[in-house]
Amino acid sequence: MKIMIIGAQRTGKGLYRQLRNGHHDVLLLDEDQNEFNNTNDPAFIHVKDYLNQEVYTSHHIQEMDAIIACTKNDEMNAVLARSLKYLYKVPKAIAFIQKPEEAHIYQKLGVQTISPTSLGIKKVIEILLYETKGSIYQFLDHSIQMVCIKAPVLWISHTVQHLSIQSHLSIILVERNHQLFIPLETTVIEENDTIYCIVDEAYKHLVLETK
Amino acid sequence: MKILFIGVVPLALEVAASLSSHEVSFLDSTSYDIPYPLVVGDPLDPKNLHYCKVNQYDHIFIMYSKDEMNLVLASLLKFEYNVTSINVLLNSHQHLWLYTPIMGVDHIIDSLQIIKNTVLKELLNE
């Protein structure tokens, strides 16, 4: 893939290294020349103004498969992702948004956003609250899995009906005091229960933990 | 007409002063002592936009000094709030290519062009 990364701070540089290692054709842009100190890599490009059209036309933006905007400025990232996606038809445009409360606003504008803050919070919550024995069975394309987990703290005292998410997460078995049973919708989850559920890709973060 | 200026800047205040027969309001993240109704809050915060009832305005002028901020607001107001007329200040001519309907811009307020035209008009009248 041909990828343009806009913003060469830690995220930009990290992405650059990973993508180059994956043999992608990557350009890394930044307004700050200091970000490129001690390197002669021709893929590192110093630009004076991120919003200058020539930056993109001179580097053949129309041939890019993806752009990743990860400057320090959320508004800049949103504008670049939206404009390059719609004006130059770049197939994938991703904006890093530091303020999680604004990420969903930009998503409404057709911008694919990544909020490192939200991802960090979600990960910490998962580590603290969920414990899993892992995926027991993966169906077909692996998008749906059967997972066994120790009852998460947040699930205790809630009914199966309350915890199930239609078409996404379904609790199918509960192990309590070494006895396995199929729960009713009214079954209340108790501490130390082991739960078997079917979960799809979109919601597996609720139950899967890699520790 | 109902007119909202986002960003309390001298140009906006000048324009507002000549619109005395219209209903003019301001929205800005900073509090100012101005002779117009002013909502103080982050213009990117949906709560503030709802509070201002932005979709009820005939014209909205976005007047910040940073073009990326102006463009984000223009997109948000046009595509999320269906505002009919969005007028956006252009601070740098190098950013003109972004001031398109795709980014939610209906009209460009090109201060450089306005000054240029005024100067030329004055020169031609001499």
# chains A, B, ... in the order shown; residues from 1 in each chain; ligands from 1

$ interface_residues --of "chain B" --to "chain A" --cutoff "10 Å" --atoms "only C-alpha atoms" --output "PyMOL selection string"
chain B and resi 44-46+66-73+75-76+78-80+92-100+102-103

$ select_by_dssp --residues "segment 13-152 of chain A" --states "strand (DSSP E)" --output "PyMOL selection string"
chain A and resi 25-30+44-46+66-69+92-96+112-114+131-139+144-150

$ residues_around --residues "Cys52 of chain B" --least-positions-apart "2" --cutoff "10 Å" --atoms "only C-alpha atoms" --output "list of chain:residue names"
B:Leu4, B:Ser25, B:Phe26, B:Leu27, B:Leu38, B:Val39, B:Pro43, B:Pro46, B:Lys47, B:Asn48, B:Leu49, B:His50, B:Val54, B:Asn55, B:Gln56, B:Tyr57

$ write_last_selection --atoms "C-alpha atoms" --output "mmCIF file, in the first residue's frame"
data_model
loop_
_atom_site.group_PDB
_atom_site.id
_atom_site.type_symbol
_atom_site.label_atom_id
_atom_site.label_comp_id
_atom_site.auth_asym_id
_atom_site.auth_seq_id
_atom_site.Cartn_x
_atom_site.Cartn_y
_atom_site.Cartn_z
ATOM 1 C CA LEU B 4 -24.626 34.154 14.436
ATOM 2 C CA SER B 25 -25.566 36.901 18.378
ATOM 3 C CA PHE B 26 -22.076 35.640 19.126
ATOM 4 C CA LEU B 27 -20.581 32.342 20.260
ATOM 5 C CA LEU B 38 -22.851 36.127 23.653
ATOM 6 C CA VAL B 39 -22.870 32.425 24.441
ATOM 7 C CA PRO B 43 -18.177 25.920 19.616
ATOM 8 C CA PRO B 46 -22.610 19.896 20.642
ATOM 9 C CA LYS B 47 -24.195 21.099 23.900
ATOM 10 C CA ASN B 48 -23.301 24.678 23.035
ATOM 11 C CA LEU B 49 -24.477 24.326 19.459
ATOM 12 C CA HIS B 50 -27.806 22.912 20.638
ATOM 13 C CA VAL B 54 -27.727 26.919 15.349
ATOM 14 C CA ASN B 55 -30.095 25.472 12.785
ATOM 15 C CA GLN B 56 -32.475 28.394 13.346
ATOM 16 C CA TYR B 57 -30.039 30.986 12.021
#

$ residues_around --residues "segment 69-71 of chain A" --least-positions-apart "4" --cutoff "12 Å" --atoms "only C-alpha atoms" --output "JSON, numbers by chain"
{"A": [3, 4, 5, 6, 7, 8, 9, 10, 11, 12, 13, 14, 15, 16, 27, 28, 29, 30, 31, 32, 35, 49, 50, 51, 75, 76, 77, 78, 79, 80, 81, 82, 83, 84, 85, 92, 93, 94, 95, 96, 97, 98, 111, 112, 113, 114, 115, 116]}

$ atom_distance --atom1 "atom CA of Ser157 of chain A" --atom2 "atom CA of Glu191 of chain A"
8.2 Å

$ atom_distance --atom1 "atom CA of Lys53 of chain B" --atom2 "atom CA of Leu90 of chain B"
24.6 Å

$ residues_around --residues "Ser21 of chain B" --least-positions-apart "3" --cutoff "9 Å" --atoms "only C-alpha atoms" --output "list in words"
Met1, Ser18 and Val24 of chain B

$ select_by_dssp --residues "segment 117-199 of chain A" --states "helix (DSSP H, G or I)" --output "list in words"
Thr117, Ser118, Leu119, Gly120, Ile121, Lys122, Lys123, Val124, Ile125, Glu126, Ile127, Leu128, Leu129, Val153, Leu154, Trp155, Val160, Gln161, His162 and Leu163 of chain A

$ atom_distance --atom1 "atom CA of Val90 of chain A" --atom2 "atom CA of Pro42 of chain A"
22.4 Å

$ closest_residue --among "A:Ile165, A:Val124, A:Ile171, A:Ile61" --to "Val147 of chain A" --atoms "only C-alpha atoms"
A:Ile171
